[in-house]
Amino acid sequence: MIDRRIKFRHIQSFIEIARAKRLKHAAEKLHLTQPAISKTLKELEEIVDAPLMRRDRSGVELTKAGQVFLHFAQMSLASLQQGLDGVERTGRKEKEKLTIGALPSVAAWLMPKVVKEFRELAPDAILQIIDGPHIYLVDRLRLGELDMVIGRLGRPKTMQGISFTQLYNEQVEFVVRPGHPLLKNPNLSRIGDWQVIYPPEGSAIRPLVDRFLIANGIGEIPNRLETVSGAFGRVYTRETDAIWIISRGVVANEIADGRLIRLPINTELTQGPVGLMTRPDVSENSIQQIFRIAVQNVILGL
């Protein structure tokens, strides 16, 4: 039986601290003082009779017990949010709404096709698409803020508590503007001669790119700009001599119409699975099942 001393504020504060990694940032997000949120965390640890977080000057870190508690706390909060949303929709007799998270490569290449298919299958549904980096989307999925996510399979640590259904494989490309000097002699060892737009830490493709460069004898690239922003990368790469390392789906349209040029480098080593992510503890409703069918129909037609 759940200890009646555990209140909603305990769960909410604990999850926000774990996400923010700092008591101060979590307190600001919840509009609390730092002493108040610290007291709430201490109360929770006393109730469960276990230390859930270690605190030092660099921030907070989950203990083993904290990692276990976080997993179920997130599921509980997400289930409560879904219940509240369901009651609100019933009272207002609203249309069914589906919120999908998509990595930039998926948002740029696959999602337009999926949306067209979905509109034919469920013309009255309201579809919301949110793009962003892998960790951001997976965290939103765990909290119930997203119904599904389409993106690359992340590291095991980031995929805990997430169900992944593979759709296809995608690899990373090195792209430049038309007329770039490197196109005359496309030698991978020369990429350090120019600025490189590089995937940041925490992005799904970062470990793949790191391993690929190490395997090809390329050390750390000092002149690099880290981002997975497709909007920025498309403009900046066309207007400068920067080399953009990015998932193929993000730049598929630009490569097809010649606005960006793929360097003739074999990047098969960077291939990774892209799939549909859901929460295994939540049963899919009818509109989610229809979206899954739309995705499968598009994949079969590629």
# chains A, B, ... in the order shown; residues from 1 in each chain; ligands from 1
>>> closest_atom_pairs(of="region 78-144 of chain A", to="region 229-232 of chain A", cutoff="10 Å", atoms="only C-alpha atoms", output="CSV")
residue,atom,partner,partner_atom,distance
A:Pro104,CA,A:Gly230,CA,6.5
A:Ser105,CA,A:Gly230,CA,8.2
A:Ala107,CA,A:Gly230,CA,9.8
A:Ala108,CA,A:Gly230,CA,8.4
A:Asp131,CA,A:Ser229,CA,10.0
A:Gly132,CA,A:Ser229,CA,8.3
A:Pro133,CA,A:Ser229,CA,8.8
>>> residues_around(residues="Met111 (chain A)", least_positions_apart="5", cutoff="9 Å", atoms="only C-alpha atoms", output="PDB file with C-alpha atoms, in the first residue's frame")
ATOM      1  CA  ALA A 102      10.174  13.631 -33.938  1.00  0.00           C
ATOM      2  CA  VAL A 106      12.390  12.378 -39.045  1.00  0.00           C
ATOM      3  CA  LYS A 116      -0.546  12.953 -45.306  1.00  0.00           C
ATOM      4  CA  ILE A 129       4.336  17.525 -33.870  1.00  0.00           C
ATOM      5  CA  VAL A 295       3.739   5.110 -40.246  1.00  0.00           C
TER       6      VAL A 295
END
>>> residues_around(residues="region 202-216 of chain A", least_positions_apart="4", cutoff="12 Å", atoms="only C-alpha atoms", output="compact mmCIF listing (two decimals) with all heavy atoms, in the first residue's frame")
# COMPACT_ATOMS: atom_id res chain seq x y z
N LEU A 103 12.59 13.40 -34.07
CA LEU A 103 13.93 13.92 -34.23
C LEU A 103 14.00 14.74 -35.51
O LEU A 103 13.21 14.52 -36.43
CB LEU A 103 14.94 12.78 -34.27
CG LEU A 103 15.72 12.54 -32.96
CD1 LEU A 103 14.78 12.07 -31.87
CD2 LEU A 103 16.85 11.55 -33.15
N PRO A 104 14.94 15.69 -35.60
CA PRO A 104 15.02 16.54 -36.80
C PRO A 104 15.06 15.77 -38.11
O PRO A 104 14.43 16.18 -39.08
CB PRO A 104 16.32 17.32 -36.58
CG PRO A 104 16.43 17.41 -35.08
CD PRO A 104 15.91 16.10 -34.56
N SER A 105 15.79 14.65 -38.15
CA SER A 105 15.87 13.88 -39.39
C SER A 105 14.52 13.32 -39.80
O SER A 105 14.16 13.26 -40.97
CB SER A 105 16.88 12.74 -39.25
OG SER A 105 16.51 11.86 -38.21
N GLY A 132 12.94 17.93 -31.69
CA GLY A 132 13.96 18.26 -30.70
C GLY A 132 14.97 17.13 -30.60
O GLY A 132 14.84 16.10 -31.27
N PRO A 133 15.99 17.29 -29.74
CA PRO A 133 17.00 16.25 -29.56
C PRO A 133 16.45 15.02 -28.85
O PRO A 133 15.40 15.08 -28.20
CB PRO A 133 18.08 16.95 -28.73
CG PRO A 133 17.37 18.06 -28.04
CD PRO A 133 16.28 18.50 -28.95
N HIS A 134 17.17 13.94 -28.96
CA HIS A 134 16.73 12.64 -28.45
C HIS A 134 16.35 12.67 -26.98
O HIS A 134 15.24 12.25 -26.61
CB HIS A 134 17.85 11.60 -28.69
CG HIS A 134 17.59 10.27 -28.06
ND1 HIS A 134 16.79 9.31 -28.65
CD2 HIS A 134 18.00 9.74 -26.88
CE1 HIS A 134 16.72 8.25 -27.87
NE2 HIS A 134 17.45 8.48 -26.80
N ILE A 135 17.25 13.14 -26.13
CA ILE A 135 17.00 13.10 -24.68
C ILE A 135 15.77 13.92 -24.31
O ILE A 135 14.94 13.51 -23.48
CB ILE A 135 18.24 13.58 -23.91
CG1 ILE A 135 19.38 12.57 -24.07
CG2 ILE A 135 17.92 13.78 -22.44
CD1 ILE A 135 20.66 12.98 -23.37
N TYR A 136 15.62 15.09 -24.92
CA TYR A 136 14.48 15.95 -24.65
C TYR A 136 13.17 15.23 -24.97
O TYR A 136 12.22 15.24 -24.17
CB TYR A 136 14.59 17.23 -25.46
CG TYR A 136 13.36 18.11 -25.40
CD1 TYR A 136 13.15 18.96 -24.32
CD2 TYR A 136 12.40 18.09 -26.42
CE1 TYR A 136 12.02 19.76 -24.25
CE2 TYR A 136 11.27 18.88 -26.36
CZ TYR A 136 11.08 19.72 -25.27
OH TYR A 136 9.96 20.50 -25.21
N LEU A 137 13.11 14.60 -26.14
CA LEU A 137 11.87 13.94 -26.56
C LEU A 137 11.56 12.72 -25.70
O LEU A 137 10.40 12.49 -25.33
CB LEU A 137 11.97 13.54 -28.03
CG LEU A 137 12.07 14.69 -29.04
CD1 LEU A 137 12.20 14.15 -30.45
CD2 LEU A 137 10.86 15.62 -28.93
N VAL A 138 12.58 11.93 -25.39
CA VAL A 138 12.35 10.73 -24.58
C VAL A 138 11.88 11.12 -23.17
O VAL A 138 10.99 10.47 -22.61
CB VAL A 138 13.63 9.87 -24.53
CG1 VAL A 138 13.48 8.75 -23.51
CG2 VAL A 138 13.92 9.27 -25.90
N GLY A 151 12.34 8.33 -33.73
CA GLY A 151 13.73 8.78 -33.75
C GLY A 151 14.70 7.62 -33.66
O GLY A 151 14.30 6.45 -33.64
N ARG A 152 15.95 7.96 -33.57
CA ARG A 152 17.00 6.94 -33.48
C ARG A 152 16.99 6.25 -32.13
O ARG A 152 16.62 6.84 -31.11
CB ARG A 152 18.38 7.57 -33.70
CG ARG A 152 18.78 7.71 -35.17
CD ARG A 152 20.23 8.16 -35.26
NE ARG A 152 20.68 8.28 -36.64
CZ ARG A 152 21.54 7.46 -37.22
NH1 ARG A 152 22.04 6.45 -36.53
NH2 ARG A 152 21.92 7.65 -38.46
N LEU A 153 17.42 5.00 -32.16
CA LEU A 153 17.61 4.25 -30.92
C LEU A 153 18.77 4.88 -30.15
O LEU A 153 19.87 5.04 -30.68
CB LEU A 153 17.93 2.78 -31.23
CG LEU A 153 18.21 1.87 -30.04
CD1 LEU A 153 16.95 1.70 -29.20
CD2 LEU A 153 18.71 0.51 -30.53
N GLY A 154 18.52 5.29 -28.91
CA GLY A 154 19.54 5.94 -28.12
C GLY A 154 20.37 4.95 -27.33
O GLY A 154 20.22 3.73 -27.43
N ARG A 155 21.26 5.49 -26.50
CA ARG A 155 22.07 4.65 -25.63
C ARG A 155 21.17 3.93 -24.63
O ARG A 155 20.10 4.42 -24.28
CB ARG A 155 23.09 5.51 -24.89
CG ARG A 155 24.07 6.24 -25.82
CD ARG A 155 25.00 7.12 -25.02
NE ARG A 155 25.87 7.91 -25.90
CZ ARG A 155 26.79 8.75 -25.48
NH1 ARG A 155 26.95 8.94 -24.17
NH2 ARG A 155 27.54 9.43 -26.33
N PRO A 156 21.60 2.74 -24.15
CA PRO A 156 20.75 1.96 -23.22
C PRO A 156 20.25 2.77 -22.04
O PRO A 156 19.10 2.63 -21.62
CB PRO A 156 21.69 0.83 -22.79
CG PRO A 156 22.62 0.64 -23.94
CD PRO A 156 22.84 2.01 -24.50
N LYS A 157 21.09 3.66 -21.50
CA LYS A 157 20.69 4.44 -20.33
C LYS A 157 19.51 5.35 -20.63
O LYS A 157 18.63 5.54 -19.79
CB LYS A 157 21.88 5.28 -19.85
CG LYS A 157 21.61 6.05 -18.57
CD LYS A 157 22.85 6.81 -18.11
CE LYS A 157 22.56 7.58 -16.83
NZ LYS A 157 23.76 8.32 -16.36
N THR A 158 19.48 5.90 -21.85
CA THR A 158 18.39 6.83 -22.20
C THR A 158 17.12 6.10 -22.61
O THR A 158 16.06 6.72 -22.70
CB THR A 158 18.82 7.76 -23.35
OG1 THR A 158 18.96 7.01 -24.56
CG2 THR A 158 20.13 8.45 -23.04
N MET A 159 17.21 4.80 -22.87
CA MET A 159 16.06 4.05 -23.37
C MET A 159 15.36 3.23 -22.29
O MET A 159 14.46 2.46 -22.59
CB MET A 159 16.51 3.12 -24.51
CG MET A 159 17.05 3.84 -25.74
SD MET A 159 15.83 4.91 -26.53
CE MET A 159 14.63 3.70 -27.09
N GLU A 170 19.21 4.37 -40.69
CA GLU A 170 19.63 5.65 -41.26
C GLU A 170 21.09 5.88 -40.91
O GLU A 170 21.55 5.47 -39.84
CB GLU A 170 18.77 6.79 -40.69
CG GLU A 170 19.10 8.15 -41.29
CD GLU A 170 18.24 9.25 -40.67
OE1 GLU A 170 18.29 9.42 -39.44
OE2 GLU A 170 17.52 9.92 -41.42
N GLN A 171 21.82 6.53 -41.81
CA GLN A 171 23.21 6.83 -41.53
C GLN A 171 23.48 8.32 -41.58
O GLN A 171 22.63 9.11 -41.99
CB GLN A 171 24.13 6.09 -42.50
CG GLN A 171 24.02 6.48 -43.95
CD GLN A 171 24.75 5.49 -44.85
OE1 GLN A 171 24.45 4.29 -44.84
NE2 GLN A 171 25.71 5.98 -45.61
N VAL A 172 24.65 8.68 -41.12
CA VAL A 172 25.07 10.08 -41.05
C VAL A 172 25.75 10.46 -42.36
O VAL A 172 26.38 9.63 -43.01
CB VAL A 172 26.03 10.28 -39.86
CG1 VAL A 172 26.67 11.66 -39.88
CG2 VAL A 172 25.28 10.06 -38.55
N GLU A 173 25.60 11.72 -42.75
CA GLU A 173 26.26 12.23 -43.95
C GLU A 173 27.12 13.45 -43.61
O GLU A 173 26.86 14.16 -42.64
CB GLU A 173 25.23 12.63 -45.01
CG GLU A 173 24.33 11.52 -45.50
CD GLU A 173 25.01 10.50 -46.39
OE1 GLU A 173 26.26 10.55 -46.51
OE2 GLU A 173 24.31 9.65 -46.96
N PHE A 174 28.14 13.67 -44.43
CA PHE A 174 28.96 14.88 -44.37
C PHE A 174 28.56 15.72 -45.57
O PHE A 174 28.74 15.29 -46.72
CB PHE A 174 30.45 14.54 -44.45
CG PHE A 174 31.00 13.83 -43.23
CD1 PHE A 174 30.52 12.58 -42.84
CD2 PHE A 174 31.99 14.42 -42.47
CE1 PHE A 174 31.03 11.93 -41.73
CE2 PHE A 174 32.51 13.78 -41.35
CZ PHE A 174 32.02 12.54 -40.98
N ASN A 187 38.95 14.25 -49.22
CA ASN A 187 39.71 13.40 -48.32
C ASN A 187 39.24 13.66 -46.89
O ASN A 187 39.31 14.80 -46.41
CB ASN A 187 41.21 13.71 -48.46
CG ASN A 187 42.07 12.70 -47.73
OD1 ASN A 187 41.70 12.19 -46.68
ND2 ASN A 187 43.23 12.40 -48.29
N LEU A 188 38.78 12.63 -46.21
CA LEU A 188 38.23 12.79 -44.86
C LEU A 188 39.24 13.40 -43.90
O LEU A 188 38.87 14.15 -42.99
CB LEU A 188 37.76 11.44 -44.33
CG LEU A 188 37.05 11.43 -42.97
CD1 LEU A 188 35.80 12.27 -43.00
CD2 LEU A 188 36.73 10.00 -42.53
N SER A 189 40.51 13.12 -44.10
CA SER A 189 41.54 13.63 -43.18
C SER A 189 41.66 15.15 -43.23
O SER A 189 42.27 15.76 -42.35
CB SER A 189 42.90 13.01 -43.51
OG SER A 189 43.33 13.40 -44.81
N ARG A 190 41.07 15.81 -44.23
CA ARG A 190 41.19 17.25 -44.39
C ARG A 190 40.03 18.03 -43.76
O ARG A 190 40.03 19.26 -43.80
CB ARG A 190 41.27 17.61 -45.88
CG ARG A 190 42.47 17.03 -46.62
CD ARG A 190 42.43 17.41 -48.08
NE ARG A 190 42.42 18.87 -48.26
CZ ARG A 190 41.84 19.48 -49.27
NH1 ARG A 190 41.19 18.78 -50.19
NH2 ARG A 190 41.88 20.80 -49.36
N ILE A 191 39.07 17.34 -43.16
CA ILE A 191 37.89 18.08 -42.67
C ILE A 191 38.25 19.07 -41.57
O ILE A 191 37.55 20.05 -41.36
CB ILE A 191 36.77 17.13 -42.18
CG1 ILE A 191 37.19 16.37 -40.92
CG2 ILE A 191 36.33 16.19 -43.27
CD1 ILE A 191 36.04 15.65 -40.26
N GLY A 192 39.36 18.82 -40.86
CA GLY A 192 39.78 19.74 -39.82
C GLY A 192 40.26 21.08 -40.34
O GLY A 192 40.47 22.02 -39.56
N ILE A 197 30.25 21.50 -38.31
CA ILE A 197 29.03 21.50 -37.50
C ILE A 197 28.86 20.08 -36.98
O ILE A 197 28.62 19.15 -37.76
CB ILE A 197 27.80 21.95 -38.30
CG1 ILE A 197 28.06 23.32 -38.94
CG2 ILE A 197 26.57 22.01 -37.41
CD1 ILE A 197 26.92 23.79 -39.82
N TYR A 198 28.98 19.91 -35.68
CA TYR A 198 29.14 18.59 -35.06
C TYR A 198 27.96 18.29 -34.13
O TYR A 198 27.44 19.20 -33.47
CB TYR A 198 30.43 18.60 -34.24
CG TYR A 198 31.08 17.26 -34.00
CD1 TYR A 198 31.93 16.71 -34.94
CD2 TYR A 198 30.85 16.55 -32.82
CE1 TYR A 198 32.55 15.49 -34.72
CE2 TYR A 198 31.46 15.33 -32.58
CZ TYR A 198 32.31 14.81 -33.53
OH TYR A 198 32.92 13.60 -33.31
N GLU A 220 40.27 14.70 -32.37
CA GLU A 220 39.28 15.71 -32.03
C GLU A 220 39.38 16.90 -32.97
O GLU A 220 40.47 17.35 -33.31
CB GLU A 220 39.47 16.18 -30.59
CG GLU A 220 38.41 17.17 -30.14
CD GLU A 220 38.51 17.50 -28.67
OE1 GLU A 220 39.24 16.80 -27.95
OE2 GLU A 220 37.87 18.47 -28.24
N ILE A 221 38.23 17.38 -33.40
CA ILE A 221 38.18 18.52 -34.33
C ILE A 221 38.06 19.80 -33.50
O ILE A 221 37.01 20.04 -32.88
CB ILE A 221 36.98 18.37 -35.29
CG1 ILE A 221 37.13 17.09 -36.11
CG2 ILE A 221 36.88 19.58 -36.20
CD1 ILE A 221 35.92 16.74 -36.94
N GLU A 226 28.77 22.90 -32.23
CA GLU A 226 27.92 21.77 -31.90
C GLU A 226 26.44 22.14 -31.89
O GLU A 226 26.01 23.01 -31.13
CB GLU A 226 28.32 21.19 -30.54
CG GLU A 226 29.74 20.64 -30.53
CD GLU A 226 30.05 19.83 -29.28
OE1 GLU A 226 29.17 19.74 -28.40
OE2 GLU A 226 31.17 19.30 -29.18
N THR A 227 25.67 21.50 -32.75
CA THR A 227 24.22 21.70 -32.80
C THR A 227 23.59 20.62 -33.66
O THR A 227 24.25 20.05 -34.54
CB THR A 227 23.87 23.09 -33.37
OG1 THR A 227 22.44 23.24 -33.36
CG2 THR A 227 24.35 23.25 -34.79
N VAL A 228 22.31 20.33 -33.41
CA VAL A 228 21.54 19.47 -34.31
C VAL A 228 20.39 20.26 -34.92
O VAL A 228 19.46 19.69 -35.47
CB VAL A 228 20.98 18.22 -33.58
CG1 VAL A 228 22.08 17.25 -33.24
CG2 VAL A 228 20.19 18.62 -32.34
N SER A 229 20.48 21.58 -34.85
CA SER A 229 19.43 22.42 -35.41
C SER A 229 19.45 22.35 -36.94
O SER A 229 20.40 22.82 -37.58
CB SER A 229 19.62 23.87 -34.97
OG SER A 229 18.75 24.73 -35.67
N TRP A 244 28.99 20.02 -42.53
CA TRP A 244 27.91 19.65 -41.62
C TRP A 244 27.83 18.13 -41.50
O TRP A 244 27.62 17.43 -42.49
CB TRP A 244 26.60 20.22 -42.14
CG TRP A 244 25.44 20.13 -41.20
CD1 TRP A 244 25.46 19.81 -39.87
CD2 TRP A 244 24.06 20.38 -41.52
NE1 TRP A 244 24.20 19.86 -39.35
CE2 TRP A 244 23.32 20.22 -40.34
CE3 TRP A 244 23.40 20.75 -42.70
CZ2 TRP A 244 21.95 20.38 -40.30
CZ3 TRP A 244 22.03 20.93 -42.66
CH2 TRP A 244 21.31 20.75 -41.47
N ILE A 245 27.97 17.61 -40.29
CA ILE A 245 27.80 16.18 -40.01
C ILE A 245 26.42 15.99 -39.42
O ILE A 245 26.14 16.45 -38.30
CB ILE A 245 28.89 15.67 -39.04
CG1 ILE A 245 30.28 15.99 -39.56
CG2 ILE A 245 28.73 14.16 -38.84
CD1 ILE A 245 31.40 15.60 -38.60
N ILE A 246 25.55 15.32 -40.16
CA ILE A 246 24.14 15.27 -39.76
C ILE A 246 23.46 14.03 -40.32
O ILE A 246 23.93 13.44 -41.30
CB ILE A 246 23.40 16.55 -40.25
CG1 ILE A 246 22.03 16.69 -39.58
CG2 ILE A 246 23.32 16.58 -41.76
CD1 ILE A 246 22.08 16.96 -38.09
N SER A 247 22.37 13.61 -39.70
CA SER A 247 21.62 12.45 -40.19
C SER A 247 21.10 12.71 -41.60
O SER A 247 20.70 13.82 -41.93
CB SER A 247 20.44 12.15 -39.27
OG SER A 247 20.87 11.72 -38.00
N ARG A 248 21.09 11.67 -42.40
CA ARG A 248 20.70 11.80 -43.81
C ARG A 248 19.31 12.40 -43.97
O ARG A 248 19.07 13.22 -44.85
CB ARG A 248 20.76 10.42 -44.50
CG ARG A 248 20.26 10.42 -45.92
CD ARG A 248 20.38 9.04 -46.55
NE ARG A 248 21.77 8.67 -46.76
CZ ARG A 248 22.16 7.48 -47.23
NH1 ARG A 248 21.25 6.56 -47.49
NH2 ARG A 248 23.43 7.22 -47.43
N ILE A 265 31.93 10.09 -49.12
CA ILE A 265 32.62 9.36 -48.05
C ILE A 265 31.73 8.22 -47.61
O ILE A 265 30.53 8.40 -47.40
CB ILE A 265 32.91 10.30 -46.86
CG1 ILE A 265 33.85 11.43 -47.27
CG2 ILE A 265 33.50 9.53 -45.69
CD1 ILE A 265 33.99 12.51 -46.22
N ASN A 266 32.29 7.03 -47.45
CA ASN A 266 31.52 5.86 -47.02
C ASN A 266 31.24 5.97 -45.52
O ASN A 266 32.13 5.84 -44.69
CB ASN A 266 32.31 4.58 -47.31
CG ASN A 266 31.48 3.32 -46.99
OD1 ASN A 266 30.41 3.40 -46.41
ND2 ASN A 266 32.00 2.17 -47.38
N THR A 267 29.99 6.22 -45.19
CA THR A 267 29.61 6.40 -43.79
C THR A 267 28.70 5.28 -43.28
O THR A 267 27.91 5.48 -42.35
CB THR A 267 28.90 7.76 -43.60
OG1 THR A 267 27.75 7.81 -44.46
CG2 THR A 267 29.84 8.91 -43.91
N GLU A 268 28.80 4.10 -43.89
CA GLU A 268 27.94 2.99 -43.48
C GLU A 268 28.12 2.62 -42.01
O GLU A 268 27.22 2.11 -41.36
CB GLU A 268 28.20 1.76 -44.36
CG GLU A 268 27.71 1.91 -45.79
CD GLU A 268 27.91 0.65 -46.60
OE1 GLU A 268 28.41 -0.35 -46.02
OE2 GLU A 268 27.58 0.65 -47.80
N LEU A 269 29.32 2.91 -41.48
CA LEU A 269 29.60 2.59 -40.09
C LEU A 269 28.70 3.37 -39.13
O LEU A 269 28.51 2.97 -37.99
CB LEU A 269 31.08 2.91 -39.79
CG LEU A 269 31.62 2.48 -38.42
CD1 LEU A 269 31.54 0.96 -38.25
CD2 LEU A 269 33.06 2.95 -38.25
N THR A 270 28.13 4.47 -39.61
CA THR A 270 27.28 5.31 -38.75
C THR A 270 25.80 4.91 -38.81
O THR A 270 24.96 5.58 -38.23
CB THR A 270 27.39 6.79 -39.15
OG1 THR A 270 26.87 6.97 -40.48
CG2 THR A 270 28.83 7.27 -39.11
N GLN A 271 25.50 3.82 -39.50
CA GLN A 271 24.10 3.41 -39.60
C GLN A 271 23.54 3.06 -38.22
O GLN A 271 24.20 2.45 -37.39
CB GLN A 271 23.96 2.20 -40.52
CG GLN A 271 23.89 2.55 -41.99
CD GLN A 271 23.36 1.39 -42.82
OE1 GLN A 271 23.13 0.30 -42.31
NE2 GLN A 271 23.17 1.63 -44.10
N GLY A 272 22.30 3.43 -38.01
CA GLY A 272 21.63 3.11 -36.75
C GLY A 272 20.13 3.00 -36.97
O GLY A 272 19.59 3.61 -37.90
N PRO A 273 19.45 2.24 -36.12
CA PRO A 273 18.01 2.04 -36.30
C PRO A 273 17.19 3.26 -35.89
O PRO A 273 17.47 3.92 -34.89
CB PRO A 273 17.69 0.85 -35.38
CG PRO A 273 18.77 0.88 -34.36
CD PRO A 273 19.99 1.43 -35.01
N VAL A 274 16.19 3.57 -36.70
CA VAL A 274 15.19 4.59 -36.39
C VAL A 274 13.87 3.86 -36.14
O VAL A 274 13.51 2.95 -36.87
CB VAL A 274 15.02 5.59 -37.55
CG1 VAL A 274 13.89 6.58 -37.27
CG2 VAL A 274 16.32 6.34 -37.79
>>> closest_residue(among="A:Leu276, A:Ala125, A:Ile290, A:Val251", to="Thr237 (chain A)", atoms="only C-alpha atoms")
A:Val251
>>> atom_distance(atom1="CA of Pro35 (chain A)", atom2="CA of Ile17 (chain A)")
13.0 Å
>>> select_by_dssp(residues="region 62-262 of chain A", states="alpha helix (DSSP H)", output="ChimeraX atom specification")
/A:64-92,104-109,111-121,134-142,206-215,230-239,248-256
>>> write_last_selection(atoms="C-alpha atoms", output="compact mmCIF listing (two decimals), in the first residue's frame")
# COMPACT_ATOMS: atom_id res chain seq x y z
CA LYS A 64 20.67 3.48 -7.09
CA ALA A 65 17.45 3.78 -5.09
CA GLY A 66 16.80 7.15 -6.70
CA GLN A 67 17.12 5.70 -10.20
CA VAL A 68 14.53 3.03 -9.41
CA PHE A 69 12.18 5.52 -7.76
CA LEU A 70 12.51 7.99 -10.66
CA HIS A 71 11.40 5.38 -13.21
CA PHE A 72 8.14 4.66 -11.39
CA ALA A 73 7.59 8.26 -10.29
CA GLN A 74 7.69 9.39 -13.92
CA MET A 75 5.24 6.67 -14.96
CA SER A 76 2.88 7.62 -12.12
CA LEU A 77 2.93 11.30 -12.99
CA ALA A 78 2.42 10.55 -16.67
CA SER A 79 -0.56 8.28 -15.94
CA LEU A 80 -2.15 10.95 -13.74
CA GLN A 81 -1.70 13.57 -16.48
CA GLN A 82 -3.30 11.27 -19.05
CA GLY A 83 -6.26 10.69 -16.74
CA LEU A 84 -6.77 14.42 -16.22
CA ASP A 85 -6.50 15.07 -19.96
CA GLY A 86 -9.05 12.35 -20.65
CA VAL A 87 -11.58 13.82 -18.19
CA GLU A 88 -11.10 17.28 -19.69
CA ARG A 89 -11.64 16.04 -23.25
CA THR A 90 -14.75 14.13 -22.23
CA GLY A 91 -16.25 17.18 -20.54
CA ARG A 92 -15.57 19.42 -23.51
CA PRO A 104 15.02 16.54 -36.80
CA SER A 105 15.87 13.88 -39.39
CA VAL A 106 12.39 12.38 -39.05
CA ALA A 107 10.60 15.74 -38.95
CA ALA A 108 12.26 16.86 -42.19
CA TRP A 109 12.00 13.67 -44.22
CA MET A 111 6.87 13.11 -41.06
CA PRO A 112 5.43 15.02 -44.06
CA LYS A 113 4.63 11.67 -45.70
CA VAL A 114 3.24 10.21 -42.48
CA VAL A 115 1.02 13.24 -41.84
CA LYS A 116 -0.55 12.95 -45.31
CA GLU A 117 -1.29 9.28 -44.70
CA PHE A 118 -2.61 9.94 -41.19
CA ARG A 119 -4.94 12.69 -42.40
CA GLU A 120 -6.57 10.24 -44.80
CA LEU A 121 -7.06 7.64 -42.05
CA HIS A 134 16.73 12.64 -28.45
CA ILE A 135 17.00 13.10 -24.68
CA TYR A 136 14.48 15.95 -24.65
CA LEU A 137 11.87 13.94 -26.56
CA VAL A 138 12.35 10.73 -24.58
CA ASP A 139 12.00 12.63 -21.29
CA ARG A 140 8.77 14.24 -22.54
CA LEU A 141 7.51 10.78 -23.56
CA ARG A 142 8.18 9.35 -20.09
CA ARG A 206 27.06 11.68 -31.36
CA PRO A 207 28.55 8.28 -30.34
CA LEU A 208 28.22 7.01 -33.93
CA VAL A 209 30.09 10.02 -35.31
CA ASP A 210 32.77 9.80 -32.62
CA ARG A 211 33.40 6.13 -33.39
CA PHE A 212 33.40 6.73 -37.13
CA LEU A 213 36.05 9.44 -36.92
CA ILE A 214 38.22 7.40 -34.53
CA ALA A 215 37.96 4.39 -36.88
CA GLY A 230 18.33 21.71 -38.96
CA ALA A 231 17.17 25.29 -39.52
CA PHE A 232 20.57 26.69 -38.55
CA GLY A 233 22.60 24.02 -40.34
CA ARG A 234 20.85 24.43 -43.67
CA VAL A 235 21.46 28.17 -43.81
CA TYR A 236 24.93 28.26 -42.29
CA THR A 237 26.29 25.44 -44.46
CA ARG A 238 25.04 27.05 -47.67
CA GLU A 239 26.52 30.45 -46.73
CA ARG A 248 20.70 11.80 -43.81
CA GLY A 249 17.01 12.48 -43.26
CA VAL A 250 17.64 16.06 -42.14
CA VAL A 251 19.25 17.01 -45.46
CA ALA A 252 17.61 14.54 -47.86
CA ASN A 253 15.54 17.24 -49.56
CA GLU A 254 18.48 19.67 -49.84
CA ILE A 255 20.69 16.97 -51.36
CA ALA A 256 17.96 15.98 -53.80
>>> select_by_dssp(residues="region 56-208 of chain A", states="strand (DSSP E)", output="number ranges by chain")
A: 56, 59-62, 97-102, 126-131, 148-152, 163-170, 172-176, 196-198
>>> atom_distance(atom1="CA of Lys184 (chain A)", atom2="CA of Val196 (chain A)")
17.8 Å
>>> atom_distance(atom1="CA of Leu167 (chain A)", atom2="CA of Gly275 (chain A)")
4.7 Å
>>> residues_around(residues="Thr240 (chain A)", least_positions_apart="4", cutoff="10 Å", atoms="only C-alpha atoms", output="PyMOL selection string")
chain A and resi 176-177+180+194-195+235-236
>>> residues_around(residues="region 38-47 of chain A", least_positions_apart="4", cutoff="7 Å", atoms="only C-alpha atoms", output="VMD selection string")
chain A and resid 6 10 14 23 34 51 to 52
